[in-house]
Amino acid sequence: MDPTFFLEQIFNGLGYGFMLFLLAAGLTLVFGIMDTLNLAHGSLFMVGGYVSAAVHVQSGSFMLAVGVAVLATVLLAALLEALLVRRLYSRDHLAQVLATFGIVLIADDLVKLVWGPSPIMAPTPAQLSGPIDLLGLPYPSYRLLILGAGFAVAVGLYLLVNHSRLGMLVRAGASNRAMAEFMGVRVSKVFAIVFALGAALAALAGALMGPISAVSIGMGEAILIPALVVIVIGGIGSVRGAFVASLLVGLVDTAGRAFLPPLLRELLPPALAADAGPAIAGIAMYMLMAGVLVFKPSGLFPARA
Amino acid sequence: MSNVSAKRTLGPSIALALLVLALALFPVVAPLFDLDYYTGFVRRLMIVALAAASLNFLMGRVGLVALGHAGFVGVGAYAVAALAEAGFGSAWLVWALALVAGVVVSALIGAVALRTRGVYFIMITLAFAQMLFYLAVSLRAYGGDDGYTLYTPLQLLGGENPVIASGAPLYWVVLAIVALVLPALWRLEASHFGRALEGIRDNETRMQALGYPTYRLKLCAFAAAGGVASLAGALMATQNGFVSPSLMHWTQSALLIVMVVIGGVGRRWGAPLGVAVWLVFEELLKQFTEYWHAPMGLLLIGVVFLAPKGLAALASRRAAP
């Protein structure tokens, strides 16, 4: 197999993994600290994508677009938290799923009302549209930016969670909320910050993903499942687990799509290979999750030991 | 005293009989009011209610929230496609085999999935359903992504003038099946098996200590629910004359959960009520506006805050003295 193709797929896989991590970090913290399952997290991703694409087209500035998208989504999330999500903490998971699924339906209709039913194109920033030479591989520079941004955010979040006062409170809340509250941590205040932070990361992911895959209604639901897979493989509430699992899922999913079909063509009769290739590539991520859960039923790095 | 208890046991069965009678008369009355279309709608509603009731059995009785139930619906539907393709003509035989296929597949999946708990169980059932989904996508013999049309109709009665499984005859058969299976599920809930499951839901460790084979009991419940969902899938494939992977997309599994929760988890009438409310609202809203998602979303949020135990609980609270 061509080594540059191999390298390219590794980079693509890492890029997808970092994007998943931006989403999964917020999701896992919300779940870990408040025991709240927020299906609307994908909708925040979608809003980030739409606002960024719209501002970019209007203003021509990509940086401004990303900034506005993150800010707008954080404000929206704060409103959502104050009006609705806050009332769901004390309820069971099914009530949370039902209410946040309701938000997903409303968000989809509102986006349709504002931007129309068909997907919109998010332009790639002009300075980043060309390829860049990477170890002899001409790699799209925009994808490299995504890799860099994802990596930077991952490091920043790691430092924030593991080496800051806020992070200490967050970890305390995630590992034992009742005890943290007893020790004087105002978990609800910490949580409001975490919820906003999660929304900012989701919006950033949406804004960055826009130019790669078109911005469309339903993009939030499509990414929600891989993000949930990630937090479950990693162990709910664990940022480290989410990080490892994001990269694992990103690489496994990309590798499955890139390498499995040609590999099967070598091994199987062509008709069977053409059928099995895409199917196995599609389920690679789920097989990974099922495999991990069989051996570690609470994920790789359970936050609550 | 005995009078009251007699009323309590008789009341529901009379109501049930009246409901079945009203539903049975619907295909006869509907054409008089130009409502033919709704015969198909009510039939679909009953089939979905069957699938939802089996999920409600798992969620309410065993405390297992499975996010892969549409996968078993799909197993039943594809079993019908495969058997019809292979030349089987009797609807009854095909449905029975579809049910068996559902029991086998869900027993295999349950054997692995039941090792996990809570949210991890939700996600592992989702994973297996997604595997079934992609398996169906890869089945090019059955149309892959595009789905598969059943050209040879199944027969309810063979002979010179066979009764084809469609239209009003299929409606009555579906009604009969639902009217048998739903009470059977209720019976199961009240049985020793059902009580044991309830015990496992409330405190599995204690049930283990008492000597109950909790894993095996849960597996039986899971396989039974999978079989009923599969039967629903088989009926759905028969009425549509078409199967496609979209039947088992994860959003379909999520919708089943949503409908059960709206109706009331663990309530007898929870599943049928939730299915009816959801599908009727959807049908009505779609006639007036393309923006029908948002009102459905508001309905969900409304149920969470105004009827936290589901709509069936509201009804029974009012009925109680």
# chains A, B, ... in the order shown; residues from 1 in each chain; ligands from 1
$ residues_around --residues "Gly40 in chain B" --least-positions-apart "6" --cutoff "12 Å" --atoms "only C-alpha atoms" --output "NGL selection string"
:B and (26-27 or 30-31 or 46-47 or 166-172 or 174 or 236 or 239-240)
$ write_last_selection --atoms "all heavy atoms" --output "tab-separated table (two decimals), in the first residue's frame"
chain	number	residue	atom	x	y	z
B	26	PHE	N	-64.07	-0.54	12.43
B	26	PHE	CA	-63.55	0.64	11.74
B	26	PHE	C	-63.43	0.45	10.22
B	26	PHE	O	-63.87	1.32	9.46
B	26	PHE	CB	-62.21	1.06	12.36
B	26	PHE	CG	-61.70	2.36	11.83
B	26	PHE	CD1	-62.38	3.55	12.09
B	26	PHE	CD2	-60.57	2.41	11.03
B	26	PHE	CE1	-61.93	4.75	11.58
B	26	PHE	CE2	-60.11	3.61	10.52
B	26	PHE	CZ	-60.79	4.78	10.80
B	27	PRO	N	-62.85	-0.68	9.73
B	27	PRO	CA	-62.72	-0.82	8.27
B	27	PRO	C	-64.06	-0.90	7.56
B	27	PRO	O	-64.13	-0.63	6.37
B	27	PRO	CB	-61.94	-2.14	8.10
B	27	PRO	CG	-61.39	-2.47	9.42
B	27	PRO	CD	-62.26	-1.83	10.44
B	30	ALA	N	-65.37	3.07	8.02
B	30	ALA	CA	-64.53	4.11	7.44
B	30	ALA	C	-64.89	4.47	5.99
B	30	ALA	O	-64.98	5.66	5.67
B	30	ALA	CB	-63.06	3.71	7.55
B	31	PRO	N	-65.11	3.48	5.11
B	31	PRO	CA	-65.40	3.84	3.72
B	31	PRO	C	-66.66	4.68	3.57
B	31	PRO	O	-66.76	5.50	2.66
B	31	PRO	CB	-65.59	2.47	3.03
B	31	PRO	CG	-64.90	1.49	3.91
B	31	PRO	CD	-65.05	2.02	5.30
B	46	MET	N	-51.48	0.10	15.16
B	46	MET	CA	-51.56	-1.11	16.00
B	46	MET	C	-50.25	-1.89	15.94
B	46	MET	O	-49.79	-2.43	16.94
B	46	MET	CB	-52.73	-2.00	15.54
B	46	MET	CG	-54.09	-1.38	15.83
B	46	MET	SD	-55.46	-2.53	15.58
B	46	MET	CE	-55.44	-2.76	13.80
B	47	ILE	N	-49.64	-1.94	14.74
B	47	ILE	CA	-48.39	-2.69	14.60
B	47	ILE	C	-47.28	-2.03	15.42
B	47	ILE	O	-46.52	-2.69	16.13
B	47	ILE	CB	-47.99	-2.81	13.11
B	47	ILE	CG1	-49.03	-3.64	12.35
B	47	ILE	CG2	-46.62	-3.43	12.97
B	47	ILE	CD1	-48.80	-3.70	10.86
B	166	SER	N	-53.58	-8.38	2.91
B	166	SER	CA	-53.57	-6.93	2.68
B	166	SER	C	-54.98	-6.42	2.98
B	166	SER	O	-55.90	-7.20	3.24
B	166	SER	CB	-53.19	-6.62	1.23
B	166	SER	OG	-54.21	-7.05	0.38
B	167	GLY	N	-55.13	-5.11	2.93
B	167	GLY	CA	-56.45	-4.50	3.10
B	167	GLY	C	-57.10	-4.86	4.42
B	167	GLY	O	-56.44	-5.08	5.44
B	168	ALA	N	-58.45	-4.94	4.40
B	168	ALA	CA	-59.21	-5.19	5.61
B	168	ALA	C	-58.89	-6.55	6.26
B	168	ALA	O	-58.77	-6.64	7.48
B	168	ALA	CB	-60.70	-5.06	5.34
B	169	PRO	N	-58.72	-7.64	5.47
B	169	PRO	CA	-58.38	-8.91	6.12
B	169	PRO	C	-57.11	-8.80	6.97
B	169	PRO	O	-57.09	-9.29	8.11
B	169	PRO	CB	-58.16	-9.86	4.93
B	169	PRO	CG	-58.97	-9.30	3.83
B	169	PRO	CD	-58.94	-7.81	4.02
B	170	LEU	N	-56.08	-8.17	6.41
B	170	LEU	CA	-54.84	-8.00	7.18
B	170	LEU	C	-55.10	-7.15	8.42
B	170	LEU	O	-54.59	-7.42	9.51
B	170	LEU	CB	-53.75	-7.37	6.32
B	170	LEU	CG	-52.41	-7.14	7.03
B	170	LEU	CD1	-51.80	-8.46	7.49
B	170	LEU	CD2	-51.42	-6.40	6.13
B	171	TYR	N	-55.95	-6.13	8.27
B	171	TYR	CA	-56.30	-5.26	9.40
B	171	TYR	C	-56.87	-6.09	10.54
B	171	TYR	O	-56.46	-5.97	11.70
B	171	TYR	CB	-57.31	-4.22	8.93
B	171	TYR	CG	-57.82	-3.29	10.02
B	171	TYR	CD1	-57.31	-2.01	10.17
B	171	TYR	CD2	-58.84	-3.70	10.88
B	171	TYR	CE1	-57.77	-1.16	11.15
B	171	TYR	CE2	-59.31	-2.86	11.88
B	171	TYR	CZ	-58.78	-1.60	12.01
B	171	TYR	OH	-59.25	-0.77	12.99
B	172	TRP	N	-57.82	-6.98	10.20
B	172	TRP	CA	-58.46	-7.79	11.28
B	172	TRP	C	-57.47	-8.77	11.90
B	172	TRP	O	-57.51	-9.01	13.11
B	172	TRP	CB	-59.68	-8.50	10.72
B	172	TRP	CG	-60.86	-7.56	10.58
B	172	TRP	CD1	-61.29	-6.67	11.53
B	172	TRP	CD2	-61.70	-7.40	9.45
B	172	TRP	NE1	-62.36	-5.96	11.05
B	172	TRP	CE2	-62.65	-6.38	9.78
B	172	TRP	CE3	-61.78	-8.00	8.19
B	172	TRP	CZ2	-63.64	-5.96	8.90
B	172	TRP	CZ3	-62.77	-7.59	7.32
B	172	TRP	CH2	-63.68	-6.58	7.67
B	174	VAL	N	-54.23	-8.32	12.14
B	174	VAL	CA	-53.35	-7.52	13.00
B	174	VAL	C	-54.06	-7.21	14.32
B	174	VAL	O	-53.49	-7.36	15.40
B	174	VAL	CB	-52.92	-6.21	12.29
B	174	VAL	CG1	-52.30	-5.24	13.29
B	174	VAL	CG2	-51.94	-6.51	11.17
B	236	MET	N	-45.35	-5.39	9.68
B	236	MET	CA	-45.09	-4.13	8.99
B	236	MET	C	-44.62	-4.40	7.56
B	236	MET	O	-45.07	-3.74	6.62
B	236	MET	CB	-44.02	-3.37	9.76
B	236	MET	CG	-44.20	-1.86	9.74
B	236	MET	SD	-42.93	-1.07	10.72
B	236	MET	CE	-43.51	-1.35	12.37
B	239	GLN	N	-47.61	-5.46	5.45
B	239	GLN	CA	-48.55	-4.41	5.07
B	239	GLN	C	-47.92	-3.44	4.07
B	239	GLN	O	-48.59	-2.94	3.18
B	239	GLN	CB	-49.08	-3.67	6.29
B	239	GLN	CG	-48.18	-2.57	6.82
B	239	GLN	CD	-48.99	-1.46	7.48
B	239	GLN	OE1	-50.19	-1.58	7.66
B	239	GLN	NE2	-48.33	-0.38	7.83
B	240	ASN	N	-46.60	-3.16	4.21
B	240	ASN	CA	-45.97	-2.22	3.29
B	240	ASN	C	-45.61	-2.88	1.97
B	240	ASN	O	-45.45	-2.20	0.97
B	240	ASN	CB	-44.69	-1.65	3.90
B	240	ASN	CG	-44.97	-0.82	5.15
B	240	ASN	OD1	-46.10	-0.42	5.37
B	240	ASN	ND2	-43.95	-0.59	5.93
$ residues_around --residues "Phe191 in chain A" --least-positions-apart "2" --cutoff "8 Å" --atoms "only C-alpha atoms" --output "list in words"
Val30, Ile33, Met34, Val170, Val187, Ser188, Lys189, Ile193, Val194 and Phe195 of chain A
$ write_last_selection --atoms "all heavy atoms" --output "JSON list (two decimals), in the first residue's frame"
[["chain", "number", "residue", "atom", "x", "y", "z"],
["A", 30, "VAL", "N", -20.85, 17.04, 31.27],
["A", 30, "VAL", "CA", -22.24, 17.27, 31.67],
["A", 30, "VAL", "C", -22.83, 16.00, 32.26],
["A", 30, "VAL", "O", -23.50, 16.01, 33.30],
["A", 30, "VAL", "CB", -23.07, 17.74, 30.45],
["A", 30, "VAL", "CG1", -24.55, 17.70, 30.76],
["A", 30, "VAL", "CG2", -22.67, 19.13, 30.04],
["A", 33, "ILE", "N", -20.83, 15.10, 35.70],
["A", 33, "ILE", "CA", -21.05, 15.94, 36.88],
["A", 33, "ILE", "C", -22.51, 15.94, 37.29],
["A", 33, "ILE", "O", -22.85, 15.71, 38.44],
["A", 33, "ILE", "CB", -20.59, 17.39, 36.62],
["A", 33, "ILE", "CG1", -19.11, 17.39, 36.27],
["A", 33, "ILE", "CG2", -20.84, 18.24, 37.84],
["A", 33, "ILE", "CD1", -18.61, 18.73, 35.87],
["A", 34, "MET", "N", -23.40, 16.20, 36.35],
["A", 34, "MET", "CA", -24.80, 16.37, 36.71],
["A", 34, "MET", "C", -25.62, 15.12, 36.43],
["A", 34, "MET", "O", -26.83, 15.14, 36.63],
["A", 34, "MET", "CB", -25.41, 17.55, 35.96],
["A", 34, "MET", "CG", -24.68, 18.85, 36.14],
["A", 34, "MET", "SD", -24.42, 19.31, 37.88],
["A", 34, "MET", "CE", -26.04, 19.93, 38.31],
["A", 170, "VAL", "N", -14.31, 20.49, 39.09],
["A", 170, "VAL", "CA", -15.01, 19.70, 38.08],
["A", 170, "VAL", "C", -14.79, 18.21, 38.34],
["A", 170, "VAL", "O", -15.73, 17.41, 38.34],
["A", 170, "VAL", "CB", -14.50, 20.07, 36.66],
["A", 170, "VAL", "CG1", -14.95, 19.02, 35.64],
["A", 170, "VAL", "CG2", -15.01, 21.43, 36.26],
["A", 187, "VAL", "N", -21.61, 23.03, 43.24],
["A", 187, "VAL", "CA", -21.59, 22.24, 42.01],
["A", 187, "VAL", "C", -22.44, 22.88, 40.91],
["A", 187, "VAL", "O", -22.06, 22.89, 39.74],
["A", 187, "VAL", "CB", -22.04, 20.79, 42.27],
["A", 187, "VAL", "CG1", -22.21, 20.02, 40.98],
["A", 187, "VAL", "CG2", -21.03, 20.08, 43.15],
["A", 188, "SER", "N", -23.59, 23.47, 41.29],
["A", 188, "SER", "CA", -24.46, 24.01, 40.25],
["A", 188, "SER", "C", -23.78, 25.16, 39.52],
["A", 188, "SER", "O", -23.95, 25.34, 38.32],
["A", 188, "SER", "CB", -25.78, 24.47, 40.85],
["A", 188, "SER", "OG", -25.55, 25.47, 41.80],
["A", 189, "LYS", "N", -22.97, 25.95, 40.26],
["A", 189, "LYS", "CA", -22.26, 27.06, 39.62],
["A", 189, "LYS", "C", -21.14, 26.53, 38.72],
["A", 189, "LYS", "O", -20.97, 26.97, 37.58],
["A", 189, "LYS", "CB", -21.67, 27.98, 40.70],
["A", 189, "LYS", "CG", -21.34, 29.36, 40.20],
["A", 189, "LYS", "CD", -20.97, 30.27, 41.37],
["A", 189, "LYS", "CE", -20.17, 31.45, 40.91],
["A", 189, "LYS", "NZ", -19.53, 32.13, 42.05],
["A", 193, "ILE", "N", -20.79, 26.77, 34.36],
["A", 193, "ILE", "CA", -19.58, 27.11, 33.60],
["A", 193, "ILE", "C", -19.23, 25.97, 32.64],
["A", 193, "ILE", "O", -18.91, 26.19, 31.48],
["A", 193, "ILE", "CB", -18.40, 27.38, 34.57],
["A", 193, "ILE", "CG1", -18.74, 28.58, 35.45],
["A", 193, "ILE", "CG2", -17.12, 27.63, 33.80],
["A", 193, "ILE", "CD1", -17.74, 28.82, 36.56],
["A", 194, "VAL", "N", -19.30, 24.73, 33.16],
["A", 194, "VAL", "CA", -18.95, 23.57, 32.33],
["A", 194, "VAL", "C", -19.90, 23.45, 31.14],
["A", 194, "VAL", "O", -19.48, 23.17, 30.02],
["A", 194, "VAL", "CB", -18.96, 22.28, 33.16],
["A", 194, "VAL", "CG1", -18.91, 21.05, 32.27],
["A", 194, "VAL", "CG2", -17.79, 22.27, 34.12],
["A", 195, "PHE", "N", -21.18, 23.71, 31.40],
["A", 195, "PHE", "CA", -22.16, 23.60, 30.32],
["A", 195, "PHE", "C", -21.84, 24.60, 29.22],
["A", 195, "PHE", "O", -21.87, 24.29, 28.03],
["A", 195, "PHE", "CB", -23.58, 23.84, 30.87],
["A", 195, "PHE", "CG", -24.67, 23.41, 29.93],
["A", 195, "PHE", "CD1", -25.08, 22.08, 29.90],
["A", 195, "PHE", "CD2", -25.29, 24.30, 29.08],
["A", 195, "PHE", "CE1", -26.08, 21.67, 29.04],
["A", 195, "PHE", "CE2", -26.29, 23.90, 28.22],
["A", 195, "PHE", "CZ", -26.68, 22.58, 28.19]]
$ interface_residues --of "chain A" --to "chain B" --cutoff "6 Å" --atoms "only C-alpha atoms" --output "NGL selection string"
:A and (95 or 99 or 102 or 105-106 or 109 or 275 or 279 or 283 or 286 or 290 or 297)
$ write_last_selection --atoms "N, CA and C atoms" --output "PDB file, in the first residue's frame"
ATOM      1  N   ALA A  95     -36.493  11.026  31.304  1.00  0.00           N
ATOM      2  CA  ALA A  95     -37.085  12.369  31.223  1.00  0.00           C
ATOM      3  C   ALA A  95     -36.106  13.316  30.530  1.00  0.00           C
ATOM      4  N   ALA A  99     -36.921  15.305  27.049  1.00  0.00           N
ATOM      5  CA  ALA A  99     -36.941  16.771  26.974  1.00  0.00           C
ATOM      6  C   ALA A  99     -35.860  17.279  26.025  1.00  0.00           C
ATOM      7  N   GLY A 102     -36.766  16.758  22.592  1.00  0.00           N
ATOM      8  CA  GLY A 102     -37.711  17.815  22.222  1.00  0.00           C
ATOM      9  C   GLY A 102     -36.976  19.054  21.737  1.00  0.00           C
ATOM     10  N   LEU A 105     -35.716  18.565  18.212  1.00  0.00           N
ATOM     11  CA  LEU A 105     -36.757  18.741  17.190  1.00  0.00           C
ATOM     12  C   LEU A 105     -37.033  20.223  16.949  1.00  0.00           C
ATOM     13  N   ILE A 106     -37.115  20.996  18.042  1.00  0.00           N
ATOM     14  CA  ILE A 106     -37.383  22.427  17.905  1.00  0.00           C
ATOM     15  C   ILE A 106     -36.221  23.122  17.201  1.00  0.00           C
ATOM     16  N   ASP A 109     -36.238  22.635  13.446  1.00  0.00           N
ATOM     17  CA  ASP A 109     -37.246  23.441  12.763  1.00  0.00           C
ATOM     18  C   ASP A 109     -36.854  24.909  12.707  1.00  0.00           C
ATOM     19  N   ASP A 275     -19.975  -5.923  -1.182  1.00  0.00           N
ATOM     20  CA  ASP A 275     -21.059  -5.851  -0.195  1.00  0.00           C
ATOM     21  C   ASP A 275     -20.527  -5.671   1.210  1.00  0.00           C
ATOM     22  N   ALA A 279     -20.134  -2.285   4.691  1.00  0.00           N
ATOM     23  CA  ALA A 279     -20.883  -2.695   5.886  1.00  0.00           C
ATOM     24  C   ALA A 279     -19.948  -2.791   7.087  1.00  0.00           C
ATOM     25  N   ILE A 283     -19.653  -0.462  10.654  1.00  0.00           N
ATOM     26  CA  ILE A 283     -19.853  -0.943  12.020  1.00  0.00           C
ATOM     27  C   ILE A 283     -18.561  -1.026  12.817  1.00  0.00           C
ATOM     28  N   TYR A 286     -18.778   0.568  16.127  1.00  0.00           N
ATOM     29  CA  TYR A 286     -19.671  -0.101  17.075  1.00  0.00           C
ATOM     30  C   TYR A 286     -19.065  -1.395  17.590  1.00  0.00           C
ATOM     31  N   ALA A 290     -18.592  -2.328  21.400  1.00  0.00           N
ATOM     32  CA  ALA A 290     -19.100  -3.570  21.988  1.00  0.00           C
ATOM     33  C   ALA A 290     -17.949  -4.374  22.577  1.00  0.00           C
ATOM     34  N   PRO A 297     -17.005  -3.279  31.322  1.00  0.00           N
ATOM     35  CA  PRO A 297     -18.403  -2.832  31.209  1.00  0.00           C
ATOM     36  C   PRO A 297     -18.631  -1.376  31.601  1.00  0.00           C
TER      37      PRO A 297
END
$ residues_around --residues "range 142-152 of chain A" --least-positions-apart "6" --cutoff "6 Å" --atoms "only C-alpha atoms" --output "count of residues only"
3
$ select_by_dssp --residues "range 96-288 of chain B" --states "strand (DSSP E)" --output "list of chain:residue names"
B:Tyr148, B:Thr149, B:Gln155, B:Leu156, B:Leu157, B:Val163, B:Ile164, B:Phe242, B:Val243
$ write_last_selection --atoms "C-alpha atoms" --output "PDB file, in the first residue's frame"
ATOM      1  CA  TYR B 148     -36.661  -4.589  -1.342  1.00  0.00           C
ATOM      2  CA  THR B 149     -40.167  -4.837  -2.752  1.00  0.00           C
ATOM      3  CA  GLN B 155     -51.647 -15.470   1.790  1.00  0.00           C
ATOM      4  CA  LEU B 156     -53.800 -15.639   4.899  1.00  0.00           C
ATOM      5  CA  LEU B 157     -55.797 -18.544   3.417  1.00  0.00           C
ATOM      6  CA  VAL B 163     -57.039 -14.456   0.779  1.00  0.00           C
ATOM      7  CA  ILE B 164     -54.088 -12.122   0.314  1.00  0.00           C
ATOM      8  CA  PHE B 242     -41.527  -3.369   1.184  1.00  0.00           C
ATOM      9  CA  VAL B 243     -38.551  -3.562   3.527  1.00  0.00           C
TER      10      VAL B 243
END
$ residues_around --residues "Leu20 in chain A" --least-positions-apart "6" --cutoff "9 Å" --atoms "only C-alpha atoms" --output "list in words"
Ala205, Ile223, Pro226, Ala227, Val230, Ala242, Phe243, Ser246, Leu247, Val249 and Gly250 of chain A
$ closest_residue --among "B:Val73, B:Val260, B:Val103, B:Ala81" --to "Leu94 in chain A" --atoms "only C-alpha atoms"
B:Val260
$ closest_residue --among "B:Ala51, B:Val100, B:Ala84, B:Ala276" --to "Gln252 in chain B" --atoms "only C-alpha atoms"
B:Ala51
$ residues_around --residues "Thr254 in chain A" --least-positions-apart "2" --cutoff "10 Å" --atoms "only C-alpha atoms" --output "list in words"
Gln9, Ile10, Phe11, Asn12, Gly13, Leu14, Gly15, Tyr16, Gly17, Leu248, Val249, Gly250, Leu251, Val252, Gly256, Arg257, Ala258, Phe259, Leu260, Ala281, Gly282, Ala284 and Met285 of chain A
